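A.B. asks: So that we are looking at the same thing, I have put the structure below in structure tokens.
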Amino acid sequence: MANEVKRKIILHWNCRGLSEFPEVIRLHGSHIQEIYLKWNKLTTLPSWIMELFNVTNLYMYGNLIKQLPTEFGEMSQLTVLDLSANKLEQVPVCIGNLSNLKSLLLNDNLIERLPAELSQLSNLEILSLSGNQIVALPEWTGSLPRLKELYVDNNKLKELPNRLTMAAELAMISACSNRLRYLPLNGFLSAPCIRFDANEYLNYVSYPLLFQLLSRLQMTAIHDRAALAFGCFKTHYNTNVLNTNIKLYIEMKGLYETNDDVIIELPRQLLRVHEAHENVTCSLWELALRKVYTERYKHTLDVSPTNVTILYKPLSKNIKPDFTWSSMNYALYSLLTNGPASICVNSQCQQPIFTEAWIIIGISRHAESMITIALCCSKSCATAFATCSNTTIKLHWHSIN
Ligand SMILES: [Zn+2]
């Protein structure tokens with residue numbers, strides 16, 4: 001073993017029945033760069049692993065690891081860490097110190113939540129968490145500045161963070177087989193590929209997202225909703241869900257093959273919704289959010305069946321300190337940093353919408369078999385949008401909260 005370690009830069013010691021990280025690597029392996037110890041029987045890593053200064057890739061797939069020593073966080077040269085198919089119930093917080101990490105693979109463990117320490121991984125490009133027990137992804141996953149690929153299939157997610165819509169480099173989100181009830185309503189800045197098959201309670205998409213999904217497929221219309229995602233857009237809804245999100249009861253009038261009416265659930269940011277013709281005044285809270293946001297960001301969304309154009313940028317370079325959070329304004333801080341629930345779909349307007357909207361629910365000519373919703377910032381925008389988008393069958397609805 002010692003001779004092998006001395007001769008090699010990459011160690012392939014998969015499937016060797018090892019129950020401890022071989023000490024021979026400590027003695028002779030300070031030059032080793034990659035270590036493969038897949039399908040062994042390790043339950044942890046030794047604290048001396050931090051002495052392996054040159055290891056950049058560590059593949060520990062298929063062991064019995066439950067925890068890591070704190071010293072592991074000192075391996076800041078690591079770029080690839082694969083701890084998939086182990087016994088982790090929690091993500092070791094020391095991973096948050098691996099500042100050069102580009103790929104973090106934690107698939108098929110027993111993880112329920114992500115620690116805030118991972119939000120420090122500013123070079124992370126691939127985050128793979130499929131096959132765990134995660135109920136909610138933190139909003140900060142949308143703020144990992146280099147994140148390109150996010151895999152969260154086979155978890156228990158009810159929603160995706162709204163902040164993902166503002167991630168600059170995201171190219172892939174895979175969230176199949178979860179419990180998603182909706183996708184973020186706003187268009188995604190980076191127009192990623194989004195896989196969301198087998199989320200059986202997901203029964204609608206927003207107007208901006210529909211066209212982003214269609215443009216990914218290089219289609220302007222679909223007849224079979226399974227083209228967008230298989231096993232979604234069913235008309236049933238799990239009524240055992242206890243949460244405070246707004247739920248809307250939609251009269252289908254036999255438009256689907258079944259005659260069932262449909263209940264949809266709106267993202268939790270939305271606190272009040274109105275029918276397109278409802279003449280009410282918008283809350284001061286909502287108006288203030290829109291004003292504060294548009295003073296700091298240019299965020300626009302232009303949707304047409306052939307093209308979705310999104311622009312998002314801070315208006316000033318030194319805006320960093322202006323959203324600071326304290327217990328006083330945490331709600332304000334989190335709404336502003338997580339981004340608007342939607343941009344008003346009236347292309348002449350493009351105001352951000354945070355908590356209150358006029359909503360148009362219908363069946364679009366571009367996706368005849370599924371419910372599409374569009375949010376407007378005011379009654380006049382809703383009227384204007386409803387008039388110009390004469391391609392939609394509008395559906396009647398009422399709130400059931
Ligand atoms: Zn508007």
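Residues are referred to by chain and number: the chain letter is A, B, ... according to the order shown in the structure tokens, the number counts from 1 in that chain, and ligands are numbered separately from 1 in the order shown.
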Quick one: residues within 8 Å of A:Asn178, only C-alpha atoms, excluding same-chain residues fewer than 5 positions away - as a VMD selection string?

C.D. replies: chain A and resid 153 to 158 198 to 199

A.B. asks: Using backbone DSSP assignments, extract all helix (DSSP H, G or I) residues from stretch 30-132 of chain A; output them as number ranges by chain.

C.D. replies: A: 47-51, 70-74, 93-97, 116-120

A.B. asks: Please write the residues from the selection above to a file, keeping all heavy atoms, as a short mmCIF file (atom, residue, chain, number, x, y, z; two decimals), in the first residue's frame.

C.D. replies:
data_model
loop_
_atom_site.label_atom_id
_atom_site.label_comp_id
_atom_site.auth_asym_id
_atom_site.auth_seq_id
_atom_site.Cartn_x
_atom_site.Cartn_y
_atom_site.Cartn_z
N SER A 47 -9.29 13.15 11.82
CA SER A 47 -9.03 14.60 11.91
C SER A 47 -7.73 14.98 11.20
O SER A 47 -7.57 16.11 10.76
CB SER A 47 -9.01 15.05 13.37
OG SER A 47 -8.08 14.27 14.08
N TRP A 48 -6.81 13.99 11.06
CA TRP A 48 -5.55 14.33 10.36
C TRP A 48 -5.72 14.50 8.87
O TRP A 48 -4.78 14.86 8.16
CB TRP A 48 -4.46 13.29 10.66
CG TRP A 48 -4.83 11.85 10.38
CD1 TRP A 48 -5.21 10.92 11.29
CD2 TRP A 48 -4.83 11.19 9.10
NE1 TRP A 48 -5.47 9.71 10.68
CE2 TRP A 48 -5.24 9.86 9.33
CE3 TRP A 48 -4.54 11.58 7.79
CZ2 TRP A 48 -5.37 8.92 8.31
CZ3 TRP A 48 -4.66 10.65 6.77
CH2 TRP A 48 -5.08 9.34 7.03
N ILE A 49 -6.93 14.30 8.34
CA ILE A 49 -7.14 14.44 6.89
C ILE A 49 -6.77 15.86 6.43
O ILE A 49 -6.39 16.08 5.29
CB ILE A 49 -8.59 14.06 6.50
CG1 ILE A 49 -8.67 13.86 4.99
CG2 ILE A 49 -9.60 15.09 6.99
CD1 ILE A 49 -9.90 13.16 4.50
N MET A 50 -6.85 16.83 7.37
CA MET A 50 -6.48 18.21 7.02
C MET A 50 -5.01 18.35 6.63
O MET A 50 -4.62 19.32 6.01
CB MET A 50 -6.79 19.14 8.19
CG MET A 50 -6.08 18.72 9.45
SD MET A 50 -6.39 19.81 10.83
CE MET A 50 -4.95 20.85 10.74
N GLU A 51 -4.20 17.33 6.98
CA GLU A 51 -2.77 17.39 6.60
C GLU A 51 -2.56 17.08 5.12
O GLU A 51 -1.48 17.29 4.58
CB GLU A 51 -1.97 16.38 7.45
CG GLU A 51 -1.99 16.72 8.93
CD GLU A 51 -1.47 15.57 9.79
OE1 GLU A 51 -0.75 14.69 9.26
OE2 GLU A 51 -1.79 15.53 10.99
N THR A 70 -14.42 18.41 12.75
CA THR A 70 -14.38 19.86 12.45
C THR A 70 -13.18 20.22 11.59
O THR A 70 -13.26 21.10 10.74
CB THR A 70 -14.25 20.69 13.75
OG1 THR A 70 -14.39 19.82 14.86
CG2 THR A 70 -15.27 21.77 13.80
N GLU A 71 -12.04 19.51 11.82
CA GLU A 71 -10.81 19.80 11.09
C GLU A 71 -11.00 19.65 9.58
O GLU A 71 -10.26 20.21 8.79
CB GLU A 71 -9.67 18.86 11.54
CG GLU A 71 -9.19 19.11 12.95
CD GLU A 71 -10.02 18.38 14.01
OE1 GLU A 71 -11.07 17.80 13.66
OE2 GLU A 71 -9.61 18.42 15.19
N PHE A 72 -12.00 18.87 9.19
CA PHE A 72 -12.25 18.68 7.76
C PHE A 72 -12.46 20.02 7.05
O PHE A 72 -12.10 20.19 5.89
CB PHE A 72 -13.47 17.77 7.58
CG PHE A 72 -13.74 17.41 6.15
CD1 PHE A 72 -12.92 16.51 5.48
CD2 PHE A 72 -14.80 17.99 5.46
CE1 PHE A 72 -13.15 16.18 4.15
CE2 PHE A 72 -15.02 17.67 4.13
CZ PHE A 72 -14.21 16.77 3.48
N GLY A 73 -13.04 20.99 7.78
CA GLY A 73 -13.28 22.32 7.22
C GLY A 73 -12.01 23.06 6.84
O GLY A 73 -12.07 24.08 6.16
N GLU A 74 -10.85 22.54 7.27
CA GLU A 74 -9.59 23.21 6.93
C GLU A 74 -9.04 22.75 5.58
O GLU A 74 -8.01 23.24 5.13
CB GLU A 74 -8.57 22.98 8.04
CG GLU A 74 -8.97 23.78 9.29
CD GLU A 74 -8.09 23.47 10.49
OE1 GLU A 74 -6.86 23.37 10.29
OE2 GLU A 74 -8.64 23.34 11.60
N VAL A 93 -21.44 21.17 9.40
CA VAL A 93 -21.32 22.62 9.16
C VAL A 93 -19.92 23.00 8.71
O VAL A 93 -19.74 24.02 8.05
CB VAL A 93 -21.73 23.45 10.40
CG1 VAL A 93 -23.19 23.28 10.71
CG2 VAL A 93 -20.88 23.10 11.60
N CYS A 94 -18.91 22.15 9.01
CA CYS A 94 -17.54 22.48 8.60
C CYS A 94 -17.42 22.55 7.07
O CYS A 94 -16.51 23.19 6.54
CB CYS A 94 -16.54 21.48 9.18
SG CYS A 94 -16.85 19.77 8.69
N ILE A 95 -18.34 21.93 6.34
CA ILE A 95 -18.30 22.00 4.87
C ILE A 95 -18.42 23.45 4.41
O ILE A 95 -17.87 23.83 3.38
CB ILE A 95 -19.40 21.10 4.26
CG1 ILE A 95 -19.06 19.62 4.51
CG2 ILE A 95 -19.56 21.34 2.76
CD1 ILE A 95 -20.10 18.64 4.02
N GLY A 96 -19.09 24.27 5.22
CA GLY A 96 -19.23 25.69 4.88
C GLY A 96 -17.90 26.43 4.80
O GLY A 96 -17.81 27.50 4.21
N ASN A 97 -16.83 25.84 5.35
CA ASN A 97 -15.51 26.49 5.30
C ASN A 97 -14.70 26.11 4.06
O ASN A 97 -13.60 26.63 3.86
CB ASN A 97 -14.69 26.11 6.54
CG ASN A 97 -15.29 26.70 7.80
OD1 ASN A 97 -15.89 27.77 7.76
ND2 ASN A 97 -15.16 25.99 8.90
N ALA A 116 -27.06 27.13 7.49
CA ALA A 116 -26.77 28.44 6.89
C ALA A 116 -25.30 28.57 6.50
O ALA A 116 -24.96 29.34 5.60
CB ALA A 116 -27.14 29.54 7.87
N GLU A 117 -24.42 27.78 7.14
CA GLU A 117 -22.98 27.85 6.83
C GLU A 117 -22.71 27.57 5.36
O GLU A 117 -21.75 28.08 4.79
CB GLU A 117 -22.20 26.85 7.70
CG GLU A 117 -22.01 27.28 9.15
CD GLU A 117 -23.24 27.02 10.02
OE1 GLU A 117 -24.25 26.50 9.50
OE2 GLU A 117 -23.18 27.37 11.22
N LEU A 118 -23.54 26.76 4.71
CA LEU A 118 -23.30 26.45 3.29
C LEU A 118 -23.49 27.68 2.40
O LEU A 118 -23.01 27.70 1.26
CB LEU A 118 -24.23 25.33 2.81
CG LEU A 118 -24.06 23.93 3.40
CD1 LEU A 118 -24.80 22.91 2.55
CD2 LEU A 118 -22.59 23.53 3.50
N SER A 119 -24.17 28.70 2.91
CA SER A 119 -24.36 29.90 2.09
C SER A 119 -23.04 30.62 1.84
O SER A 119 -22.96 31.51 1.00
CB SER A 119 -25.36 30.85 2.76
OG SER A 119 -24.82 31.34 3.97
N GLN A 120 -21.97 30.24 2.57
CA GLN A 120 -20.65 30.86 2.36
C GLN A 120 -19.90 30.26 1.18
O GLN A 120 -18.80 30.71 0.85
CB GLN A 120 -19.79 30.65 3.61
CG GLN A 120 -20.39 31.19 4.89
CD GLN A 120 -19.76 30.56 6.13
OE1 GLN A 120 -18.70 29.97 6.07
NE2 GLN A 120 -20.43 30.68 7.26
#

A.B. asks: Around ligand 1, which protein and nucleic acid residues have at least one atom no more than 9 Å from it, if we count only C-alpha atoms and all ligand atoms? List them as an mmCIF file with N, CA and C atoms, in the first residue's frame.

C.D. replies:
data_model
loop_
_atom_site.group_PDB
_atom_site.id
_atom_site.type_symbol
_atom_site.label_atom_id
_atom_site.label_comp_id
_atom_site.auth_asym_id
_atom_site.auth_seq_id
_atom_site.Cartn_x
_atom_site.Cartn_y
_atom_site.Cartn_z
ATOM 1 N N ILE A 343 -43.347 40.135 -11.880
ATOM 2 C CA ILE A 343 -43.376 41.483 -12.448
ATOM 3 C C ILE A 343 -44.743 41.594 -13.132
ATOM 4 N N CYS A 344 -45.379 42.741 -13.016
ATOM 5 C CA CYS A 344 -46.694 42.935 -13.642
ATOM 6 C C CYS A 344 -46.621 42.534 -15.114
ATOM 7 N N VAL A 345 -47.553 41.661 -15.546
ATOM 8 C CA VAL A 345 -47.456 41.116 -16.907
ATOM 9 C C VAL A 345 -47.920 42.094 -17.977
ATOM 10 N N ASN A 346 -48.480 43.217 -17.569
ATOM 11 C CA ASN A 346 -48.785 44.263 -18.552
ATOM 12 C C ASN A 346 -47.453 44.864 -18.999
ATOM 13 N N SER A 347 -47.067 44.598 -20.245
ATOM 14 C CA SER A 347 -45.707 44.944 -20.671
ATOM 15 C C SER A 347 -45.460 46.456 -20.648
ATOM 16 N N GLN A 348 -46.523 47.241 -20.610
ATOM 17 C CA GLN A 348 -46.345 48.692 -20.523
ATOM 18 C C GLN A 348 -46.016 49.132 -19.094
ATOM 19 N N CYS A 349 -46.173 48.223 -18.146
ATOM 20 C CA CYS A 349 -46.080 48.618 -16.735
ATOM 21 C C CYS A 349 -44.820 48.073 -16.060
ATOM 22 N N GLN A 350 -44.744 46.740 -15.935
ATOM 23 C CA GLN A 350 -43.567 46.064 -15.398
ATOM 24 C C GLN A 350 -43.205 46.435 -13.970
ATOM 25 N N GLN A 351 -44.198 46.737 -13.164
ATOM 26 C CA GLN A 351 -43.911 46.977 -11.739
ATOM 27 C C GLN A 351 -43.684 45.653 -11.019
ATOM 28 N N PRO A 352 -42.829 45.646 -10.019
ATOM 29 C CA PRO A 352 -42.692 44.418 -9.223
ATOM 30 C C PRO A 352 -43.911 44.227 -8.322
ATOM 31 N N ILE A 353 -44.248 42.970 -8.081
ATOM 32 C CA ILE A 353 -45.382 42.625 -7.218
ATOM 33 C C ILE A 353 -44.856 41.737 -6.094
ATOM 34 N N LEU A 375 -50.201 37.686 -13.069
ATOM 35 C CA LEU A 375 -50.376 38.674 -12.006
ATOM 36 C C LEU A 375 -50.183 40.090 -12.549
ATOM 37 N N CYS A 376 -51.067 40.990 -12.137
ATOM 38 C CA CYS A 376 -50.947 42.400 -12.492
ATOM 39 C C CYS A 376 -50.886 43.228 -11.218
ATOM 40 N N CYS A 377 -50.321 44.430 -11.355
ATOM 41 C CA CYS A 377 -50.100 45.256 -10.164
ATOM 42 C C CYS A 377 -51.325 46.060 -9.786
ATOM 43 N N SER A 378 -52.295 46.182 -10.699
ATOM 44 C CA SER A 378 -53.453 47.035 -10.423
ATOM 45 C C SER A 378 -54.634 46.583 -11.268
ATOM 46 N N LYS A 379 -55.795 47.149 -10.962
ATOM 47 C CA LYS A 379 -56.984 46.836 -11.752
ATOM 48 C C LYS A 379 -56.783 47.287 -13.198
ATOM 49 N N SER A 380 -56.210 48.475 -13.400
ATOM 50 C CA SER A 380 -56.087 48.970 -14.777
ATOM 51 C C SER A 380 -55.128 48.097 -15.589
ATOM 52 N N CYS A 381 -54.046 47.624 -14.960
ATOM 53 C CA CYS A 381 -53.134 46.726 -15.681
ATOM 54 C C CYS A 381 -53.828 45.401 -15.994
ATOM 55 N N ALA A 382 -54.623 44.905 -15.042
ATOM 56 C CA ALA A 382 -55.324 43.638 -15.264
ATOM 57 C C ALA A 382 -56.307 43.777 -16.418
#

A.B. asks: List the spatial neighbours of stretch 104-111 of chain A as a CSV table (one decimal) with C-alpha atoms, in the first residue's frame - criterion: any atom at most 12 Å away, only C-alpha atoms, same-chain residues fewer than 4 positions off excluded.

C.D. replies:
chain,number,residue,atom,x,y,z
A,57,ASN,CA,-11.2,15.7,-5.1
A,58,LEU,CA,-12.5,13.4,-2.5
A,59,TYR,CA,-15.0,10.7,-3.5
A,60,MET,CA,-16.6,8.9,-0.5
A,61,TYR,CA,-19.7,7.6,-2.3
A,62,GLY,CA,-21.4,4.6,-0.7
A,63,ASN,CA,-19.8,4.5,2.8
A,64,LEU,CA,-21.5,4.7,6.2
A,65,ILE,CA,-20.4,8.2,7.2
A,66,LYS,CA,-22.5,9.9,9.8
A,67,GLN,CA,-20.3,12.8,10.7
A,78,LEU,CA,-11.0,20.8,-2.0
A,79,THR,CA,-13.0,21.5,-5.2
A,80,VAL,CA,-15.0,18.3,-5.4
A,81,LEU,CA,-16.6,16.5,-2.5
A,82,ASP,CA,-18.8,13.5,-3.0
A,83,LEU,CA,-20.5,12.2,0.2
A,84,SER,CA,-23.5,10.6,-1.6
A,85,ALA,CA,-25.0,7.4,-0.3
A,86,ASN,CA,-23.8,7.7,3.2
A,87,LYS,CA,-25.7,8.0,6.5
A,88,LEU,CA,-25.6,11.8,7.1
A,89,GLU,CA,-28.6,13.0,9.0
A,90,GLN,CA,-27.2,16.6,9.0
A,91,VAL,CA,-24.8,18.4,6.7
A,92,PRO,CA,-21.6,18.8,8.7
A,95,ILE,CA,-18.3,22.0,4.9
A,96,GLY,CA,-19.2,25.7,4.9
A,98,LEU,CA,-14.5,24.7,2.1
A,99,SER,CA,-14.2,28.0,0.2
A,100,ASN,CA,-13.0,26.6,-3.1
A,115,PRO,CA,-27.2,24.7,7.5
A,118,LEU,CA,-23.3,26.5,3.3
A,121,LEU,CA,-19.7,28.5,-0.5
A,123,ASN,CA,-17.5,29.2,-5.6
A,124,LEU,CA,-20.1,26.4,-5.6
A,125,GLU,CA,-21.3,25.5,-9.1
A,126,ILE,CA,-23.0,22.1,-8.5
A,127,LEU,CA,-25.2,21.3,-5.5
A,128,SER,CA,-26.7,17.9,-5.6
A,129,LEU,CA,-29.1,16.9,-2.8
A,130,SER,CA,-31.4,14.3,-4.4
A,131,GLY,CA,-32.8,11.5,-2.4
A,132,ASN,CA,-32.9,13.2,1.0
A,133,GLN,CA,-35.7,14.3,3.3
A,134,ILE,CA,-35.5,18.0,2.7
A,135,VAL,CA,-38.8,19.9,3.2
A,136,ALA,CA,-37.6,23.4,2.3
A,137,LEU,CA,-34.6,24.8,0.5
A,147,LEU,CA,-24.4,28.1,-8.8
A,149,GLU,CA,-26.7,23.2,-11.3
A,150,LEU,CA,-29.1,22.3,-8.5
A,151,TYR,CA,-30.4,18.8,-8.1
A,152,VAL,CA,-33.1,18.2,-5.5
A,153,ASP,CA,-35.1,15.3,-6.9
A,154,ASN,CA,-36.8,12.9,-4.5
A,155,ASN,CA,-37.1,15.1,-1.5
A,156,LYS,CA,-40.2,16.5,0.2

A.B. asks: Excluding same-chain residues fewer than 5 positions from A:Leu164, what lies within 8 Å of it counting only C-alpha atoms, as a ChimeraX atom specification?

C.D. replies: /A:139,141-143,188

A.B. asks: For stretch 237-240 of chain A, please output as JSON, numbers by chain all residues within 8 Å (counting only C-alpha atoms; exclusion window: fewer than 2 positions along the same chain).

C.D. replies: {"A": [201, 235, 242, 262, 263, 264]}

A.B. asks: Might you pull out every residue within 8 Å of A:Thr383, with only C-alpha atoms counted and same-chain residues fewer than 4 positions away left off, and present them as a VMD selection string?

C.D. replies: chain A and resid 276 to 277 379 387

A.B. asks: Next, write the just-selected residues to a file, as a PDB file, in the first residue's frame, keeping all heavy atoms as the atom set.

C.D. replies:
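Output contents, as saved in part_35.pdb:
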ATOM      1  N   ALA A 276     -59.724  40.462 -11.640  1.00  0.00           N
ATOM      2  CA  ALA A 276     -59.263  41.487 -12.580  1.00  0.00           C
ATOM      3  C   ALA A 276     -60.076  42.779 -12.497  1.00  0.00           C
ATOM      4  O   ALA A 276     -59.534  43.865 -12.689  1.00  0.00           O
ATOM      5  CB  ALA A 276     -59.287  40.932 -13.994  1.00  0.00           C
ATOM      6  N   HIS A 277     -61.368  42.669 -12.187  1.00  0.00           N
ATOM      7  CA  HIS A 277     -62.200  43.880 -12.205  1.00  0.00           C
ATOM      8  C   HIS A 277     -62.410  44.488 -10.829  1.00  0.00           C
ATOM      9  O   HIS A 277     -63.131  45.468 -10.683  1.00  0.00           O
ATOM     10  CB  HIS A 277     -63.558  43.566 -12.838  1.00  0.00           C
ATOM     11  CG  HIS A 277     -63.401  43.071 -14.235  1.00  0.00           C
ATOM     12  ND1 HIS A 277     -62.940  43.866 -15.259  1.00  0.00           N
ATOM     13  CD2 HIS A 277     -63.593  41.841 -14.766  1.00  0.00           C
ATOM     14  CE1 HIS A 277     -62.872  43.157 -16.372  1.00  0.00           C
ATOM     15  NE2 HIS A 277     -63.257  41.921 -16.099  1.00  0.00           N
ATOM     16  N   LYS A 379     -55.795  47.149 -10.962  1.00  0.00           N
ATOM     17  CA  LYS A 379     -56.984  46.836 -11.752  1.00  0.00           C
ATOM     18  C   LYS A 379     -56.783  47.287 -13.198  1.00  0.00           C
ATOM     19  O   LYS A 379     -57.134  46.572 -14.140  1.00  0.00           O
ATOM     20  CB  LYS A 379     -58.199  47.545 -11.143  1.00  0.00           C
ATOM     21  CG  LYS A 379     -59.486  47.216 -11.878  1.00  0.00           C
ATOM     22  CD  LYS A 379     -60.585  48.203 -11.575  1.00  0.00           C
ATOM     23  CE  LYS A 379     -61.721  48.004 -12.566  1.00  0.00           C
ATOM     24  NZ  LYS A 379     -62.617  49.139 -12.654  1.00  0.00           N
ATOM     25  N   THR A 387     -57.619  42.442 -21.925  1.00  0.00           N
ATOM     26  CA  THR A 387     -58.124  42.840 -23.235  1.00  0.00           C
ATOM     27  C   THR A 387     -57.164  42.429 -24.345  1.00  0.00           C
ATOM     28  O   THR A 387     -57.581  41.906 -25.373  1.00  0.00           O
ATOM     29  CB  THR A 387     -58.297  44.387 -23.288  1.00  0.00           C
ATOM     30  OG1 THR A 387     -58.804  44.808 -22.035  1.00  0.00           O
ATOM     31  CG2 THR A 387     -59.236  44.797 -24.402  1.00  0.00           C
TER      32      THR A 387
END

A.B. asks: With only C-alpha atoms as the atoms that count, which of A:Pro192, A:Pro340, A:Pro184, A:Pro161 lies nearest to A:Tyr207?

C.D. replies: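 Nearest to A:Tyr207: A:Pro184.
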
A.B. asks: Hey, what's within 7 Å of A:Tyr312 if we count only C-alpha atoms and toss same-chain stuff fewer than 2 positions away? As JSON, numbers by chain, please?

C.D. replies: {"A": [297, 298, 299, 300, 310]}

A.B. asks: For atom CA of A:Pro267 and atom CA of A:Ala226, determine how far apart the two atoms are, in Å to one decimal place.

C.D. replies: 22.7 Å

A.B. asks: Step one, run DSSP on the backbone; step two, keep only residues of stretch 8-235 of chain A assigned to strand (DSSP E or B); then write them as a PyMOL selection string.

C.D. replies: chain A and resi 10-12+34-36+57-59+80-82+103-105+126-128+149-151+172-174+193-195+204-206+222
